[in-house]
Each structure stands twice: as structure tokens, then as C-alpha cells.
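Below is one structure, written out as C-alpha cells, with a few remarks after it.
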Amino acid sequence: MLRLKSGDRQAFTFLVNRYKQSVANLVARTVGDNQDSEDIAQQVFVQVYKHADRYEVRSKFTTWLFTIAKNLALNEIRRRKRHPADSLDSVDSQEEFSQPRQHPDMRTVMPDDSLLNKEMLLQLRAAIRLLPEKQRLALLLFQEKGLSYEEITKVLGASLSSTKSLIFRARETLKKHLKEYLSS
Amino acid sequence: MKEQLEQLIEKSRKENLSQEERILLERLFDQDPALRKDWEEECRLTALFSLLPDVPLSSDFTEQVLKQTFDVEAPQKSRLETAFVYWSLFSQKNRWLKYAAAACLVFLLSFGFYHHQSQVRIHQMAESLSTVAETATEVAVVSEVDLNAIHVLGKMTEATSVDNDLWVAMVSY
């Protein structure tokens, strides 16, 4: 990031390649679908470059990166609320699953006979989508990105206690929705 | 107890629990069997999250980002460069140039104004001379009666309303 601040384009390319998947996942799951999420993810990195001078070296880069991603994702949610007709074009969750993976990851490869897993994941995505925005964000940052509570408070701009409360409530809601899958 | 469980859950997401921590966990479960259920649900939820597939991305994602970033930057830079060139003429280093330009401008404006005023004055003087010449010619041939009439007319402009009767009498005369 220091090199980026001094205008090193190679450093910027490295950052994009390293974090693009992470950012795209966060944006898509916050917004609720893949529609426009790639464009938004690209904009995140454009903003990173544009405002590189504002980055403070003492803070973690991922905290700063996810803060920008959060802001753009929430802007998109608000934009869709103002223009609800746009959301009709959003990708169906089933279609989302059938899209071919461009970067196969061992972590995400499912056994051929794991229809139950597939069903659970569909339910998980639907349950995440039903969460209020802040709870959804807090949970995704906690569960998926592995950020600590302190890091999440910086991204959300909330207090530690309200961050913990958001995550707790989100998990309880998910457990309620996925009760039959989690207890089986 | 719940708080201890939360701490262990948070730690287990990032790394394996130590032997002591596992023993502590078992002790918590013995004290409250419902916590075991919470723990197992948490583990399954974490495992589910890890199974979520990555969102598909275009193979030229990075190229698109670079294009958007640096294509936008380039035209702005040329505008900035142009502005910088103009500004550098008036920077601290070339202050004398700024003062000289201002002085020239003031001089030119002053000279132009003076020249304009001179032309206007000459014109006015010429008009005055011609008027005086015409009047002088006319005055030379004015008769005594006319001069008296002019005198009377001058007095009349100073007359008040009280002298109106006198004015009427004089006109009828």
C-alpha cells in the first residue's frame, strides 16, 4: 500500500488480484445477488487508487478496503430501494448456483452426491438475504472474512457492543432459519 | 459461561483450540448441556459459510479495473498540467513577471483613458468656439431695441407672481 501511495501501478495490480474475489464475495452477498456486484467490486478498487493518499499506514489495509466495499454496497442497496424496478433484473439464486466457476477452489468443491449441501447453501444464502443490512454486513465480515470484532467496528463505524449485538442477532436469526439443517 | 463460550467460538474460527481450551469447553458443557448444542450449531454454521462458493468474476476483471482507473486519470492529468503551466507563470519564482504585467496593464489603461479624454475635450472646445463665433456675429448686428428687449426678458424671468399684472401690461404694450 505504501508503494501504491507513491503511484506504483504494479503494486495496485497486485492488490487487485489478491483481494478481488474477497471484495466481490462481500459485495454480492451484501447486495443480495450478482447483478452489478462485479461492477461495484471494480469501483471499490478504483476508489482505493483514487483515495490512496487517505489511507493511514497504521491501520490494516483489509479494514480500509472493506470499509469502501461496505459503503458502495450500501449505496447500491439504497439506490435499488429508490428504483425498485431495477431489482427485477436480479439473478435468481438457482441461476446463481448454476453459473460456472472461473476459479475453482478446493474449499468450495462439493461432492457429487451433496444435494443436501447444495440445498443448505441455497437456504443459507436466502437467510442471509433476509437479514437487515447492518446485521448482514457484520455477519459476513465476521463469518466469511474472519475479521475480529475490533476490525469490524472500524469497518461499520459502530461501537464494540453494538457490533457484537449485530453479529449475535444475525447468527441467532440464521440458526432459526436453518434449524433443521443445523440439527441434522 | 456464555461469554467464555463466545470467546472460544471466536478463537476456534481462526485456529485450533489448545488442550486446555478443549478441557475448559468440556467443563462448560458439563455445567450447562445446552451450551453443547450452541457450540455444535456454531460449528455447523461456520462450516456452511466455508462451503459458500465464490462469486464468479470475469477473467479480465483486473484489466477492467486498470482501464477504469488509469483512463480516467489521464485526461485529468493533462488538464492539471495545463493549469500548472499557467499557474507557474504566476508562482513565487516569477513574481516580477506578475508585477510587470500588472504595471503594463495599468499604464495602457491610463494612457487609453487620457487619450480618449483628450479627443473628447478637443471636440468640445471646437464646438464651443463655433458657438461663440456664431453668437458674436449675431451680437454685432443686434439693435438697441433688441438689447432692451433682452434686458426686459431677463428681468421677467426674475419676476414673482406679484408682478404678473405688470407682466401682462407690458406684453399688451
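Numbering starts fresh at 1 for the residues of each chain in the C-alpha cells, the chains themselves are lettered A, B, ... in the order given, and ligands are numbered from 1 as they appear.
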Pick out the chain B residues within 9 Å of chain A. Count only C-alpha atoms. Give them as a PDB file with C-alpha atoms, in the first residue's frame.
```
ATOM      1  CA  GLU B  10     -14.204 -16.697  18.050  1.00  0.00           C
ATOM      2  CA  ARG B  13     -12.698 -19.802  13.777  1.00  0.00           C
ATOM      3  CA  LYS B  14      -9.099 -18.769  13.277  1.00  0.00           C
ATOM      4  CA  LYS B  37     -25.926 -27.656  21.378  1.00  0.00           C
ATOM      5  CA  GLU B  40     -22.346 -27.604  17.646  1.00  0.00           C
ATOM      6  CA  GLU B  41     -24.706 -25.244  15.833  1.00  0.00           C
ATOM      7  CA  GLU B  42     -21.984 -22.620  15.660  1.00  0.00           C
ATOM      8  CA  ARG B  44     -22.049 -26.248  11.580  1.00  0.00           C
ATOM      9  CA  LEU B  45     -22.878 -22.661  10.646  1.00  0.00           C
ATOM     10  CA  THR B  46     -19.191 -21.849  10.276  1.00  0.00           C
ATOM     11  CA  LEU B  48     -21.687 -23.915   5.958  1.00  0.00           C
ATOM     12  CA  PHE B  49     -20.199 -20.496   5.405  1.00  0.00           C
ATOM     13  CA  SER B  50     -16.932 -22.070   4.343  1.00  0.00           C
ATOM     14  CA  LEU B  51     -18.840 -24.030   1.692  1.00  0.00           C
ATOM     15  CA  LEU B  52     -20.312 -20.917   0.062  1.00  0.00           C
ATOM     16  CA  PRO B  53     -18.918 -20.785  -3.477  1.00  0.00           C
ATOM     17  CA  ASP B  54     -17.039 -17.753  -4.727  1.00  0.00           C
ATOM     18  CA  VAL B  55     -18.947 -15.279  -6.807  1.00  0.00           C
ATOM     19  CA  PRO B  56     -17.939 -15.719 -10.470  1.00  0.00           C
ATOM     20  CA  LEU B  57     -15.707 -12.973 -11.834  1.00  0.00           C
ATOM     21  CA  SER B  58     -14.740 -12.063 -15.388  1.00  0.00           C
ATOM     22  CA  SER B  59     -11.320 -13.275 -16.409  1.00  0.00           C
ATOM     23  CA  PHE B  61     -11.565  -8.169 -14.037  1.00  0.00           C
ATOM     24  CA  THR B  62      -8.151  -6.718 -13.215  1.00  0.00           C
ATOM     25  CA  GLU B  63      -7.691  -5.307 -16.720  1.00  0.00           C
ATOM     26  CA  GLN B  64     -11.061  -3.591 -16.493  1.00  0.00           C
ATOM     27  CA  VAL B  65     -10.146  -2.060 -13.150  1.00  0.00           C
ATOM     28  CA  LEU B  66      -6.837  -0.786 -14.517  1.00  0.00           C
ATOM     29  CA  GLN B  68     -11.134   2.482 -15.490  1.00  0.00           C
ATOM     30  CA  THR B  69      -8.518   3.769 -13.091  1.00  0.00           C
ATOM     31  CA  GLU B  73      -6.652   9.625 -14.591  1.00  0.00           C
TER      32      GLU B  73
END
```
Inset, instruction - Please give the complete set of residues from chain A that DSSP, run on the backbone, assigns to helix (DSSP H, G or I), formatted as a count of residues only. - result: 140
Legend entry - One-decimal distance in Å that lies between atom CA of Gln123 of chain A and atom CA of Asn71 of chain A: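 Atom-to-atom, atom CA of Asn71 of chain A and atom CA of Gln123 of chain A are spaced 26.2 Å apart.
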Legend entry - Separation of atom CA of Asp38 of chain B from atom CA of Leu5 of chain B in Å: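 It comes out at 9.0 Å.
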Inset, instruction - Name the residues in contact with segment 17-32 of chain B at a cut-off of 9 Å, using only C-alpha atoms, excluding same-chain residues fewer than 3 positions from it; report them as number ranges by chain. - result: B: 1-2, 4-5, 8, 11-12, 35-37
Legend entry - Separation of atom CA of Leu141 of chain A from atom CA of Leu74 of chain A in Å: 14.2 Å
